[in-house]
Structures are given as structure tokens and as C-alpha cells.
>>> print(open('query-v1.txt').read())   # compact mmCIF, C-alpha atoms and all ligand atoms
# COMPACT_ATOMS: atom_id res chain seq x y z
CA MET A 20 64.18 115.22 109.54
CA LYS A 21 67.33 116.99 110.66
CA ALA A 22 70.14 117.55 108.15
CA VAL A 23 73.33 119.53 107.75
CA VAL A 24 72.60 121.95 104.92
CA TYR A 25 74.30 124.79 103.05
CA GLU A 26 72.37 127.37 101.05
CA LYS A 27 75.37 129.31 99.75
CA PHE A 28 78.97 128.53 98.86
CA GLY A 29 81.57 129.58 101.40
CA PRO A 30 83.70 128.64 104.40
CA PRO A 31 82.83 125.72 106.72
CA ASN A 32 80.47 127.84 108.82
CA VAL A 33 77.94 127.95 105.94
CA LEU A 34 77.05 124.44 107.13
CA HIS A 35 74.21 124.44 109.62
CA MET A 36 71.49 122.15 110.96
CA ALA A 37 67.99 122.52 109.50
CA GLU A 38 64.68 120.73 109.37
CA VAL A 39 64.06 119.36 105.85
CA PRO A 40 61.55 116.89 104.31
CA GLN A 41 62.45 113.21 104.45
CA PRO A 42 63.36 111.59 101.13
CA GLU A 43 61.12 108.77 99.87
CA PRO A 44 62.60 105.70 98.20
CA ALA A 45 61.87 105.40 94.46
CA ALA A 46 61.83 102.06 92.62
CA GLY A 47 65.12 100.25 93.19
CA GLU A 48 66.07 102.46 96.15
CA VAL A 49 66.35 101.96 99.88
CA LYS A 50 65.74 104.56 102.54
CA ILE A 51 68.40 104.46 105.23
CA ARG A 52 68.28 105.72 108.80
CA MET A 53 71.74 107.23 108.84
CA HIS A 54 74.28 106.38 111.52
CA ALA A 55 77.48 107.68 109.90
CA THR A 56 79.01 109.36 106.88
CA SER A 57 82.45 110.86 106.38
CA VAL A 58 84.03 114.06 105.11
CA ASN A 59 85.28 113.68 101.56
CA PRO A 60 87.15 116.04 99.23
CA THR A 61 84.08 116.50 97.01
CA ASP A 62 82.06 117.72 100.02
CA VAL A 63 84.67 120.35 100.75
CA MET A 64 85.03 121.32 97.09
CA PHE A 65 81.27 121.72 96.62
CA ARG A 66 80.75 123.62 99.88
CA SER A 67 83.57 126.07 99.18
CA GLY A 68 82.24 126.83 95.69
CA ALA A 69 85.57 125.95 94.03
CA LEU A 70 85.26 126.56 90.30
CA LYS A 71 85.96 122.94 89.30
CA GLY A 72 83.02 121.80 91.46
CA ARG A 73 80.48 124.29 90.09
CA PRO A 74 79.31 122.23 87.09
CA PHE A 75 78.13 119.62 89.63
CA ALA A 76 77.34 121.73 92.70
CA GLY A 77 75.60 124.56 90.84
CA TRP A 78 76.87 127.75 89.19
CA TRP A 79 75.32 130.43 91.42
CA ARG A 80 74.07 128.56 94.46
CA PRO A 81 74.10 124.92 95.61
CA LYS A 82 71.82 122.69 93.51
CA HIS A 83 71.76 120.06 96.26
CA THR A 84 71.80 121.60 99.71
CA ILE A 85 72.83 118.43 101.55
CA LEU A 86 76.39 117.15 101.12
CA GLY A 87 77.81 113.68 101.60
CA SER A 88 78.57 110.50 99.65
CA ASP A 89 79.15 107.79 102.25
CA VAL A 90 76.04 106.21 103.68
CA ALA A 91 76.15 103.82 106.64
CA GLY A 92 73.03 103.01 108.57
CA GLU A 93 70.06 100.71 108.85
CA VAL A 94 67.41 100.16 106.22
CA ASP A 95 64.23 101.99 107.18
CA GLU A 96 62.13 101.24 104.11
CA VAL A 97 62.63 99.62 100.72
CA GLY A 98 61.29 100.99 97.45
CA PRO A 99 59.41 98.92 94.83
CA GLY A 100 61.48 96.17 93.27
CA VAL A 101 64.05 95.87 96.06
CA ASP A 102 64.29 92.36 97.44
CA GLU A 103 67.92 92.13 98.53
CA PHE A 104 67.43 94.24 101.69
CA SER A 105 64.80 94.44 104.45
CA PRO A 106 64.11 97.03 107.14
CA GLY A 107 66.67 96.75 109.93
CA ASP A 108 69.55 95.54 107.73
CA ARG A 109 72.86 97.30 108.40
CA ILE A 110 74.18 98.57 105.09
CA VAL A 111 76.88 100.78 103.63
CA GLY A 112 76.71 102.45 100.26
CA ILE A 113 77.48 105.41 98.16
CA MET A 114 75.16 108.23 97.04
CA PRO A 115 74.67 108.85 93.33
CA ASP A 116 77.60 110.65 91.74
CA MET A 117 77.97 114.23 92.87
CA GLU A 118 74.46 114.58 94.31
CA GLY A 119 75.26 114.27 98.00
CA GLY A 120 72.51 113.77 100.55
CA ALA A 121 74.27 111.79 103.26
CA TYR A 122 74.68 114.50 105.95
CA ALA A 123 71.13 113.81 107.09
CA GLU A 124 68.97 111.65 109.37
CA PHE A 125 67.66 109.72 106.34
CA ALA A 126 69.05 109.16 102.84
CA CYS A 127 67.86 107.19 99.82
CA ILE A 128 70.28 105.27 97.61
CA GLU A 129 70.09 102.73 94.83
CA ALA A 130 70.06 99.26 96.36
CA SER A 131 72.70 98.32 93.78
CA SER A 132 75.08 100.88 95.35
CA ALA A 133 74.98 99.28 98.79
CA VAL A 134 76.17 96.15 100.58
CA ARG A 135 75.56 94.64 104.02
CA ILE A 136 77.92 95.68 106.82
CA PRO A 137 79.56 92.71 108.53
CA ASP A 138 79.00 92.32 112.28
CA ASN A 139 82.63 93.09 113.13
CA ILE A 140 82.48 96.56 111.51
CA THR A 141 80.94 99.65 113.11
CA TYR A 142 78.84 102.12 111.14
CA ALA A 143 81.66 104.66 111.47
CA GLU A 144 84.23 102.23 110.03
CA ALA A 145 81.88 101.37 107.19
CA ALA A 146 81.23 105.04 106.37
CA ALA A 147 84.98 105.65 106.39
CA PHE A 148 85.77 103.05 103.73
CA ALA A 149 83.02 103.76 101.18
CA PHE A 150 84.23 106.72 99.09
CA ALA A 151 87.91 106.65 100.07
CA GLY A 152 88.27 102.88 99.82
CA LEU A 153 86.46 102.78 96.48
CA SER A 154 88.57 105.62 95.10
CA SER A 155 91.83 103.95 96.11
CA LEU A 156 90.68 100.60 94.77
CA PHE A 157 89.63 102.09 91.41
CA PHE A 158 92.92 103.94 91.01
CA LEU A 159 95.18 101.07 92.07
CA SER A 160 93.32 98.56 89.88
CA ARG A 161 93.49 100.86 86.84
CA ILE A 162 97.26 101.38 87.18
CA ARG A 163 97.87 97.70 87.96
CA ALA A 164 99.39 98.30 91.36
CA LEU A 165 97.57 95.36 92.93
CA GLU A 166 99.96 92.67 91.71
CA PRO A 167 102.46 90.56 93.65
CA GLY A 168 105.99 91.88 93.60
CA LYS A 169 105.11 95.29 92.15
CA GLN A 170 107.19 98.09 93.67
CA VAL A 171 104.60 100.68 94.67
CA LEU A 172 105.21 104.13 96.14
CA ILE A 173 102.21 105.70 97.89
CA VAL A 174 102.43 109.43 98.51
CA GLY A 175 100.03 110.72 101.17
CA ALA A 176 99.93 107.27 102.78
CA SER A 177 98.44 108.56 106.05
CA GLY A 178 95.42 110.29 104.47
CA GLY A 179 91.91 109.13 103.61
CA LEU A 180 92.82 107.45 100.33
CA GLY A 181 96.39 106.64 101.34
CA THR A 182 95.58 104.52 104.40
CA PHE A 183 93.41 102.28 102.21
CA ALA A 184 95.89 102.30 99.33
CA VAL A 185 98.72 101.02 101.55
CA GLN A 186 96.58 98.14 102.83
CA LEU A 187 95.16 97.21 99.41
CA ALA A 188 98.59 97.15 97.74
CA HIS A 189 100.14 95.23 100.64
CA ASN A 190 97.30 92.66 100.64
CA ALA A 191 97.80 92.14 96.91
CA GLY A 192 101.47 91.26 97.50
CA ALA A 193 103.00 94.50 96.24
CA VAL A 194 106.12 95.87 97.92
CA VAL A 195 104.92 99.14 99.40
CA THR A 196 106.94 102.25 100.14
CA ALA A 197 104.82 104.85 101.94
CA VAL A 198 105.45 108.60 102.03
CA CYS A 199 104.24 110.40 105.15
CA SER A 200 105.54 112.61 107.94
CA GLU A 201 107.38 111.35 111.01
CA GLU A 202 104.36 111.14 113.28
CA ASN A 203 102.57 108.70 110.94
CA VAL A 204 105.49 106.33 110.29
CA ALA A 205 104.34 103.76 112.88
CA LEU A 206 100.77 103.88 111.54
CA VAL A 207 101.66 103.23 107.90
CA LYS A 208 104.04 100.42 108.91
CA SER A 209 101.20 98.84 110.87
CA LEU A 210 99.06 99.02 107.71
CA GLY A 211 101.64 97.01 105.75
CA ALA A 212 104.20 99.45 104.36
CA ASP A 213 107.53 97.67 103.79
CA ASP A 214 109.47 100.92 103.72
CA VAL A 215 108.63 104.49 104.71
CA ILE A 216 109.95 107.82 103.49
CA ASP A 217 109.42 110.68 105.93
CA TYR A 218 108.91 113.52 103.48
CA THR A 219 109.92 116.10 106.10
CA HIS A 220 113.45 114.62 106.15
CA GLU A 221 113.91 112.96 102.76
CA ASP A 222 112.81 114.04 99.30
CA PRO A 223 110.81 111.07 97.96
CA THR A 224 111.58 112.09 94.37
CA LYS A 225 115.33 111.46 94.77
CA ARG A 226 115.36 107.65 94.57
CA ARG A 227 116.14 106.43 91.04
CA ASP A 228 114.51 103.65 88.94
CA ALA A 229 112.84 102.30 92.07
CA TYR A 230 109.10 101.90 91.43
CA ASP A 231 106.71 100.31 88.97
CA VAL A 232 103.93 102.52 90.26
CA VAL A 233 103.81 105.86 92.05
CA PHE A 234 100.33 106.57 93.43
CA ASP A 235 100.31 110.22 94.44
CA ALA A 236 97.13 110.13 96.52
CA VAL A 237 97.40 113.76 97.66
CA ALA A 238 98.78 115.15 94.40
CA ALA A 239 101.83 116.42 96.28
CA GLY A 240 104.11 116.09 93.23
CA SER A 241 103.93 115.76 89.48
CA PHE A 242 105.00 113.34 86.76
CA GLY A 243 107.98 115.59 86.04
CA ARG A 244 109.21 115.35 89.62
CA TYR A 245 108.62 111.60 90.02
CA ARG A 246 109.60 110.49 86.50
CA ARG A 247 113.10 109.38 87.49
CA THR A 248 111.88 107.39 90.48
CA LEU A 249 110.01 105.15 88.01
CA ARG A 250 111.45 102.04 86.45
CA ARG A 251 111.22 101.73 82.67
CA GLY A 252 107.56 101.24 81.81
CA GLY A 253 106.48 102.53 85.23
CA ILE A 254 103.46 104.74 85.84
CA TYR A 255 102.88 107.86 87.96
CA SER A 256 99.24 108.43 88.88
CA THR A 257 97.87 111.51 90.58
CA THR A 258 94.39 111.91 92.04
CA VAL A 259 93.95 115.54 91.00
CA MET A 260 93.25 116.24 87.32
CA LYS A 261 95.25 119.45 87.04
CA PRO A 262 95.99 120.71 83.49
CA ARG A 263 99.66 119.77 84.03
CA ALA A 264 98.66 116.17 84.83
CA LEU A 265 96.44 115.96 81.73
CA MET A 266 99.21 117.39 79.57
CA ALA A 267 101.73 114.88 80.95
CA MET A 268 99.27 112.08 80.14
CA ALA A 269 98.75 113.35 76.60
CA LEU A 270 102.52 113.11 76.04
CA ASN A 271 102.73 109.41 77.06
CA PRO A 272 103.01 108.05 73.48
CA PHE A 273 106.11 110.16 72.86
CA ARG A 274 108.26 108.81 75.73
CA PRO A 275 110.77 106.17 74.60
CA SER A 276 111.26 104.97 78.22
CA ARG A 277 107.53 104.12 78.30
CA ARG A 278 107.29 105.81 81.69
CA ARG A 279 103.71 107.07 81.83
CA ALA A 280 101.67 109.75 83.54
CA HIS A 281 98.11 109.01 84.65
CA THR A 282 95.11 110.70 86.23
CA MET A 283 91.37 110.03 86.19
CA ILE A 284 88.07 110.44 87.97
CA ALA A 285 87.75 107.31 90.07
CA SER A 286 84.93 105.20 88.65
CA GLY A 287 83.97 101.58 88.21
CA ASP A 288 81.50 98.96 89.39
CA ALA A 289 80.64 100.36 92.84
CA HIS A 290 78.72 97.30 94.00
CA GLN A 291 81.48 94.88 93.12
CA ALA A 292 84.14 97.13 94.66
CA LEU A 293 82.14 97.74 97.86
CA SER A 294 81.59 93.98 98.21
CA HIS A 295 85.33 93.42 97.85
CA LEU A 296 86.16 96.07 100.47
CA ARG A 297 83.48 94.71 102.80
CA ASP A 298 84.89 91.18 102.48
CA LEU A 299 88.41 92.41 103.24
CA CYS A 300 87.09 94.24 106.33
CA GLU A 301 85.19 91.17 107.45
CA ARG A 302 88.36 89.05 107.21
CA GLY A 303 90.32 91.68 109.15
CA GLU A 304 92.51 92.48 106.14
CA LEU A 305 91.35 96.08 105.79
CA HIS A 306 90.85 98.60 108.57
CA SER A 307 89.37 102.07 108.50
CA ILE A 308 91.63 104.58 110.20
CA ILE A 309 89.48 107.26 111.80
CA GLU A 310 91.03 110.41 113.20
CA VAL A 311 87.86 111.62 114.86
CA GLU A 312 84.11 111.01 114.99
CA LEU A 313 82.02 114.17 115.22
CA PRO A 314 78.24 114.55 115.50
CA PHE A 315 76.48 116.14 112.52
CA GLN A 316 76.18 119.38 114.50
CA LEU A 317 79.99 119.71 114.28
CA ALA A 318 80.24 119.11 110.53
CA ALA A 319 81.86 122.53 110.06
CA MET A 320 84.62 121.53 112.46
CA GLY A 321 85.18 118.36 110.42
CA HIS A 322 85.47 120.42 107.22
CA ARG A 323 87.90 122.83 108.87
CA ARG A 324 90.10 119.97 109.98
CA TYR A 325 89.95 118.30 106.54
CA GLU A 326 91.01 121.54 104.88
CA THR A 327 94.30 121.57 106.81
CA GLY A 328 95.43 118.72 104.53
CA HIS A 329 96.82 116.88 107.56
CA THR A 330 94.06 114.50 108.54
CA THR A 331 95.19 111.04 109.56
CA GLY A 332 92.76 108.64 107.91
CA LYS A 333 89.15 109.80 107.86
CA ILE A 334 86.87 112.23 109.66
CA VAL A 335 83.53 110.57 110.37
CA LEU A 336 80.26 112.41 111.00
CA THR A 337 77.66 110.61 113.07
CA ALA A 338 73.89 111.12 113.09
N1 LIG B 401 90.21 111.84 90.96
C1 LIG B 401 89.33 111.29 91.78
O1 LIG B 401 88.36 110.67 91.37
C2 LIG B 401 89.52 111.45 93.26
C3 LIG B 401 88.79 110.64 94.14
C4 LIG B 401 89.01 110.78 95.50
C5 LIG B 401 89.93 111.72 95.96
N2 LIG B 401 90.60 112.50 95.08
C6 LIG B 401 91.60 113.47 95.53
O2 LIG B 401 92.51 112.79 96.33
C7 LIG B 401 93.17 113.71 97.19
C8 LIG B 401 93.43 113.03 98.50
O3 LIG B 401 92.27 112.93 99.25
P1 LIG B 401 92.35 112.40 100.75
O4 LIG B 401 90.99 112.55 101.31
O5 LIG B 401 93.04 111.09 100.83
O6 LIG B 401 93.34 113.50 101.40
P2 LIG B 401 93.62 113.76 102.92
O7 LIG B 401 93.00 112.71 103.77
O8 LIG B 401 93.27 115.17 103.21
O9 LIG B 401 95.21 113.64 103.01
C9 LIG B 401 95.79 114.09 104.17
C10 LIG B 401 97.10 113.36 104.39
O10 LIG B 401 98.04 113.76 103.41
C11 LIG B 401 99.33 113.81 104.01
N3 LIG B 401 100.18 114.73 103.29
C12 LIG B 401 100.03 116.06 103.14
N4 LIG B 401 101.03 116.55 102.38
C13 LIG B 401 101.85 115.52 102.06
C14 LIG B 401 103.04 115.38 101.31
N5 LIG B 401 103.63 116.42 100.73
N6 LIG B 401 103.57 114.15 101.17
C15 LIG B 401 102.99 113.08 101.74
N7 LIG B 401 101.87 113.14 102.50
C16 LIG B 401 101.30 114.35 102.65
C17 LIG B 401 99.05 114.28 105.42
O11 LIG B 401 100.06 113.77 106.25
P3 LIG B 401 100.88 114.73 107.24
O12 LIG B 401 99.87 115.32 108.18
O13 LIG B 401 101.81 113.81 107.89
O14 LIG B 401 101.50 115.76 106.37
C18 LIG B 401 97.68 113.67 105.75
O15 LIG B 401 97.76 112.48 106.49
C19 LIG B 401 92.28 114.95 97.22
O16 LIG B 401 92.96 115.99 96.56
C20 LIG B 401 91.06 114.55 96.42
O17 LIG B 401 90.52 115.61 95.70
C21 LIG B 401 90.41 112.38 93.75
>>> encode(input="query-v1.txt", output="C-alpha cells", more="lines below")
Ligand SMILES: NC(=O)c1ccc[n+]([C@@H]2O[C@H](COP(=O)([O-])OP(=O)(O)OC[C@H]3O[C@@H](n4cnc5c(N)ncnc54)[C@H](OP(=O)(O)O)[C@@H]3O)[C@@H](O)[C@H]2O)c1
Amino acid sequence: MKAVVYEKFGPPNVLHMAEVPQPEPAAGEVKIRMHATSVNPTDVMFRSGALKGRPFAGWWRPKHTILGSDVAGEVDEVGPGVDEFSPGDRIVGIMPDMEGGAYAEFACIEASSAVRIPDNITYAEAAAFAFAGLSSLFFLSRIRALEPGKQVLIVGASGGLGTFAVQLAHNAGAVVTAVCSEENVALVKSLGADDVIDYTHEDPTKRRDAYDVVFDAVAAGSFGRYRRTLRRGGIYSTTVMKPRALMAMALNPFRPSRRRAHTMIASGDAHQALSHLRDLCERGELHSIIEVELPFQLAAMGHRRYETGHTTGKIVLTA
């Protein structure tokens, strides 16, 4: 089969097409004929050889030469013990943690990490919501942002995680303030933001005692900078586990105002969360925002664009 592979760490142009053996489904797995995946931060971190990715990607050279977490396609074959799917089913799922494998014509995943794609959703839209939608859902659930009336600030509202976070918080009845640049104001309003701060004109850290939750999806700030925007008992959560974020979290018990710092690796019940996202999409309550769809051959271009830090929604790669 054809796949986008990388044999050494480096810039986007280390990605290239190659002929590799097809994977075979083990017990409990399904083999998927891939239609779409999307570019995620872990793909870029692993490919570049960033130090924090090396324990997973390999110390000296890539352990797994095919990147990619989001899997959207049709079932080609089922492994022993799989009875929930049959060949031809349209499914979306997520590859095992940190192993990649989705930038390819075929991929095998645990059946328990996949759900059916509703008829009103394209493969590209499904691929776009898997990793980013799950990550946002895990974060927002953990910090209790998905509650009616909660004042929630979402920083990086126009990005991969942010576009889902705005919709999830809005659907849950939270009052959402989105932080983005001028050109994305209309988009985030259309996703359900009640208020928007254009960070190129207003410093989002200047409002006082305004939010129960600050979800800093792009880790643009820090607890120290956002602390005063929080109400008493409020929480600031950042998606990047920098030492400063971990230190701020360790100091939580010592703050009389009970304002808290938070960070984590997004994790939880993937099947349950994917089912929830799928149902929201099916009811038209959640939409994948896709900046561009690129064929696998142009994966390097997708990585280059992602690395600018200014993607609107997701970059999808199609088989
Ligand atoms: N801990 C975990 O388990 C976990 C899981 C998933 C992701 N992450 C992390 O989450 C982060 C976000 O990922 P992503 O894919 O959502 O990012 P992304 O799609 O690359 O975010 C890009 C968006 O961020 C906006 N942006 C850039 N600077 C901003 C600023 N100062 N204020 C507000 N918005 C700003 C850009 O808008 P403009 O173009 O308008 O500037 C753009 O729309 C990554 O660092 C990733 O590593 C962590």
C-alpha cells in the first residue's frame, strides 16, 4: 500500500510517499480503507523530533514511520472477535496512543476505538473531529466547563481544539467568550461564542473576575497572566504541560482565593466520547471547521501550514 512515511526526524520535507506492507487486523481490530485523516500537534511534534516527543517517537530515529491519529474510512476487513462492524461500514476512530499509522491507504485500529459515521458527515469532517474534538471534550469535561451558566473563556478559539471547544461549551449552556484575531470573529460567533475578544486589539488578560473557566487551547498565556480574569474558585487550564504550568498546578492548595491552575494529557473513554461527538454531529450541533483538504502527497504542505500556528480549524489529509 501507499503511505506517507518519515525515516528521520526533521522539517516537513522528511515526509514522503512510499510503498509499505499492508497492516493485518489482529483480534479485536478492524482494517480500514482510509479516506481521511488530519494533521495534529503530535504528528508535527513527532516528525520534528522535538525532545518531549522522543520518548514516544523514538530517541534516535522514528520508531513508527507512519504518522497520524485520526482514522476515517470504510471497513475493509474485521479481525477475530469483532462483530460490531462489517466490511463497507463507514467508521471514524483513533489510533492507539502515540503509535500513529493513519497517513496510509490502510490502517488497523481497535474496534472499541471507533464509531460509525452518520450519513450527513463526510469522511473529512469525521477525521477532523476525532483527535481535536476528543481532546477538547476531555479537557472541558475535566475542568467542568460544560455546565449551564458557566462563564468560559476560550483562548485560541479559531484553532483545531478551539473551534470544537466553543461549540461544546455553547451547546452545554455555558456563556462563551472566544479569543481570536479579527479575521476569525465572524466564524467563532457562528460557532456559538456570546462575546469575542480580538487579541490583536485587546489584551484578554485585562478583564477582572470575569470567568469560571479559562481554557487556553493554544497555551498562549499562563496561569499568572490569567489569574485575575478568574472569579474566586475559577480554573485556568492550558493544553501544553510546560514546567511553569505544572508548577502553577502544584501550588493550587496554597491559594486562599481557590483560583486554580490546570494542565493534563487529554485522556478518557475514547469510545464514549467519540459516540457523543458523532451524535452531536448527526444532530447538526457540532461542525468540523476545515481550512483545507490536501491529498496525502501534500502532507508536508499540511505540516508547514500547521506549524505557522494560524490554522483556522483543521487541516485534513485525504487518501
Ligand atoms: N495536552 C494534551 O493532551 C493536548 C491534546 C491536544 C492538543 N494539545 C495542544 O493544544 C494546542 C492547540 O492545538 P490546536 O491544534 O488546536 O492548535 P492550532 O489549530 O494550531 O491553533 C491555531 C489557532 O490558534 C490561534 N492563535 C494563535 N495565537 C493565538 C493567541 N495568542 N490568542 C488566541 N488565538 C491564537 C490562531 O488564530 P489566528 O490565526 O487568528 O492567530 C489559529 O486559529 C497545541 O499546542 C497542542 O500541542 C494538547
>>> residues_around(input="query-v1.txt", residues="Phe148 in chain A", least_positions_apart="3", cutoff="9 Å", atoms="only C-alpha atoms", output="list in words")
Ser57, Asp89, Ala143, Glu144, Ala145, Ala151, Gly152, Leu153, Gly179, Leu180, Phe183, Leu293, Leu296, Arg297, His306, Ser307, Ile308 and Lys333 of chain A
>>> atom_distance(input="query-v1.txt", atom1="atom C2 of ligand LIG 401 (chain B)", atom2="CA of Thr257 in chain A")
8.8 Å
>>> closest_residue(input="query-v1.txt", among="A:Gly107, A:Phe315, A:Glu310, A:His322", to="Ala37 in chain A", atoms="all atoms listed in the file")
A:Phe315
>>> residues_near_ligand(input="query-v1.txt", ligand="ligand LIG 401 (chain B)", cutoff="8 Å", atoms="all atoms listed in the file", output="short mmCIF file (atom, residue, chain, number, x, y, z; two decimals) with C-alpha atoms, keeping the file's coordinate frame")
data_model
loop_
_atom_site.label_atom_id
_atom_site.label_comp_id
_atom_site.auth_asym_id
_atom_site.auth_seq_id
_atom_site.Cartn_x
_atom_site.Cartn_y
_atom_site.Cartn_z
CA ASN A 59 85.28 113.68 101.56
CA PRO A 60 87.15 116.04 99.23
CA THR A 61 84.08 116.50 97.01
CA PHE A 150 84.23 106.72 99.09
CA ALA A 151 87.91 106.65 100.07
CA SER A 154 88.57 105.62 95.10
CA SER A 155 91.83 103.95 96.11
CA VAL A 174 102.43 109.43 98.51
CA GLY A 175 100.03 110.72 101.17
CA ALA A 176 99.93 107.27 102.78
CA SER A 177 98.44 108.56 106.05
CA GLY A 178 95.42 110.29 104.47
CA GLY A 179 91.91 109.13 103.61
CA LEU A 180 92.82 107.45 100.33
CA GLY A 181 96.39 106.64 101.34
CA THR A 182 95.58 104.52 104.40
CA VAL A 198 105.45 108.60 102.03
CA CYS A 199 104.24 110.40 105.15
CA SER A 200 105.54 112.61 107.94
CA GLU A 201 107.38 111.35 111.01
CA GLU A 202 104.36 111.14 113.28
CA ASN A 203 102.57 108.70 110.94
CA TYR A 218 108.91 113.52 103.48
CA ALA A 236 97.13 110.13 96.52
CA VAL A 237 97.40 113.76 97.66
CA ALA A 238 98.78 115.15 94.40
CA ALA A 239 101.83 116.42 96.28
CA GLY A 240 104.11 116.09 93.23
CA THR A 257 97.87 111.51 90.58
CA THR A 258 94.39 111.91 92.04
CA VAL A 259 93.95 115.54 91.00
CA MET A 260 93.25 116.24 87.32
CA THR A 282 95.11 110.70 86.23
CA MET A 283 91.37 110.03 86.19
CA ILE A 284 88.07 110.44 87.97
CA ALA A 285 87.75 107.31 90.07
CA SER A 286 84.93 105.20 88.65
CA TYR A 325 89.95 118.30 106.54
CA GLU A 326 91.01 121.54 104.88
CA THR A 327 94.30 121.57 106.81
CA GLY A 328 95.43 118.72 104.53
CA HIS A 329 96.82 116.88 107.56
CA THR A 330 94.06 114.50 108.54
CA THR A 331 95.19 111.04 109.56
CA GLY A 332 92.76 108.64 107.91
CA LYS A 333 89.15 109.80 107.86
#
>>> closest_residue(input="query-v1.txt", among="A:Ala264, A:Leu187, A:Ile162, A:Leu172", to="Leu249 in chain A", atoms="all atoms listed in the file")
A:Leu172
>>> atom_distance(input="query-v1.txt", atom1="CA of Asp217 in chain A", atom2="CA of Val204 in chain A")
7.3 Å
>>> residues_around(input="query-v1.txt", residues="Ala69 in chain A", least_positions_apart="6", cutoff="10 Å", atoms="all atoms listed in the file", output="PyMOL selection string")
chain A and resi 28-29+63+76
>>> residues_near_point(input="query-v1.txt", point="(77.7, 108.4, 105.7)", cutoff="7 Å", atoms="all atoms listed in the file", output="list in words")
Met53, Ala55, Thr56, Ser57, Gly87, Ser88, Asp89, Val90, Ala91, Ala121, Tyr122 and Ala146 of chain A
>>> atom_distance(input="query-v1.txt", atom1="CA of Leu317 in chain A", atom2="CA of Ala123 in chain A")
12.8 Å
>>> axis_aligned_box(input="query-v1.txt", around="range 150-167 of chain A", padding_each_side="3 Å", output="lines of an AutoDock Vina configuration file")
center_x = 93.3
center_y = 98.6
center_z = 93.5
size_x = 24.2
size_y = 22.2
size_z = 19.2
>>> closest_residue(input="query-v1.txt", among="A:Asn139, A:Pro106, A:Leu210, A:Thr248", to="Lys225 in chain A", atoms="all atoms listed in the file")
A:Thr248
>>> closest_residue(input="query-v1.txt", among="A:Ala197, A:Glu38, A:Arg109, A:Asp231", to="Ile140 in chain A", atoms="all atoms listed in the file")
A:Arg109
>>> closest_residue(input="query-v1.txt", among="A:Ser160, A:Asn32, A:Gln41, A:Gln316", to="Glu124 in chain A", atoms="all atoms listed in the file")
A:Gln41
>>> closest_residue(input="query-v1.txt", among="A:Thr219, A:Thr196, A:Thr141, A:Thr224", to="Ile309 in chain A", atoms="all atoms listed in the file")
A:Thr141
>>> residues_around(input="query-v1.txt", residues="Ser131 in chain A", least_positions_apart="3", cutoff="9 Å", atoms="all atoms listed in the file", output="mmCIF file with C-alpha atoms, in the frame of the given file")
data_model
loop_
_atom_site.group_PDB
_atom_site.id
_atom_site.type_symbol
_atom_site.label_atom_id
_atom_site.label_comp_id
_atom_site.auth_asym_id
_atom_site.auth_seq_id
_atom_site.Cartn_x
_atom_site.Cartn_y
_atom_site.Cartn_z
ATOM 1 C CA GLY A 47 65.120 100.250 93.190
ATOM 2 C CA GLU A 48 66.070 102.460 96.150
ATOM 3 C CA GLY A 112 76.710 102.450 100.260
ATOM 4 C CA ILE A 128 70.280 105.270 97.610
ATOM 5 C CA VAL A 134 76.170 96.150 100.580
ATOM 6 C CA ALA A 289 80.640 100.360 92.840
ATOM 7 C CA HIS A 290 78.720 97.300 94.000
#
>>> residues_around(input="query-v1.txt", residues="Trp78 in chain A", least_positions_apart="4", cutoff="12 Å", atoms="all atoms listed in the file", output="count of residues only")
12
>>> decode(input="query-v1.txt", residues="range 51-83 of chain A", atoms="C-alpha atoms", output="compact mmCIF listing (two decimals), in the first residue's frame")
# COMPACT_ATOMS: atom_id res chain seq x y z
CA ILE A 51 -9.86 0.40 7.39
CA ARG A 52 -9.50 1.60 3.83
CA MET A 53 -8.56 5.16 4.66
CA HIS A 54 -10.39 8.13 3.18
CA ALA A 55 -9.19 10.91 5.50
CA THR A 56 -7.06 11.81 8.49
CA SER A 57 -5.98 15.19 9.83
CA VAL A 58 -2.82 16.96 10.93
CA ASN A 59 -2.49 17.01 14.69
CA PRO A 60 0.08 18.56 17.03
CA THR A 61 1.50 15.15 17.97
CA ASP A 62 2.22 14.41 14.29
CA VAL A 63 4.20 17.61 13.99
CA MET A 64 5.97 17.08 17.32
CA PHE A 65 7.00 13.52 16.42
CA ARG A 66 8.10 14.39 12.87
CA SER A 67 10.22 17.32 14.01
CA GLY A 68 11.99 15.23 16.65
CA ALA A 69 11.08 17.65 19.45
CA LEU A 70 12.63 16.41 22.68
CA LYS A 71 9.30 16.00 24.52
CA GLY A 72 8.09 13.65 21.76
CA ARG A 73 11.17 11.41 21.71
CA PRO A 74 10.09 9.00 24.48
CA PHE A 75 7.13 8.09 22.22
CA ALA A 76 8.52 8.70 18.73
CA GLY A 77 11.93 7.14 19.35
CA TRP A 78 15.21 8.50 20.69
CA TRP A 79 17.46 8.28 17.61
CA ARG A 80 15.10 7.61 14.74
CA PRO A 81 11.32 7.21 14.37
CA LYS A 82 10.01 4.00 15.96
CA HIS A 83 6.82 4.19 13.90
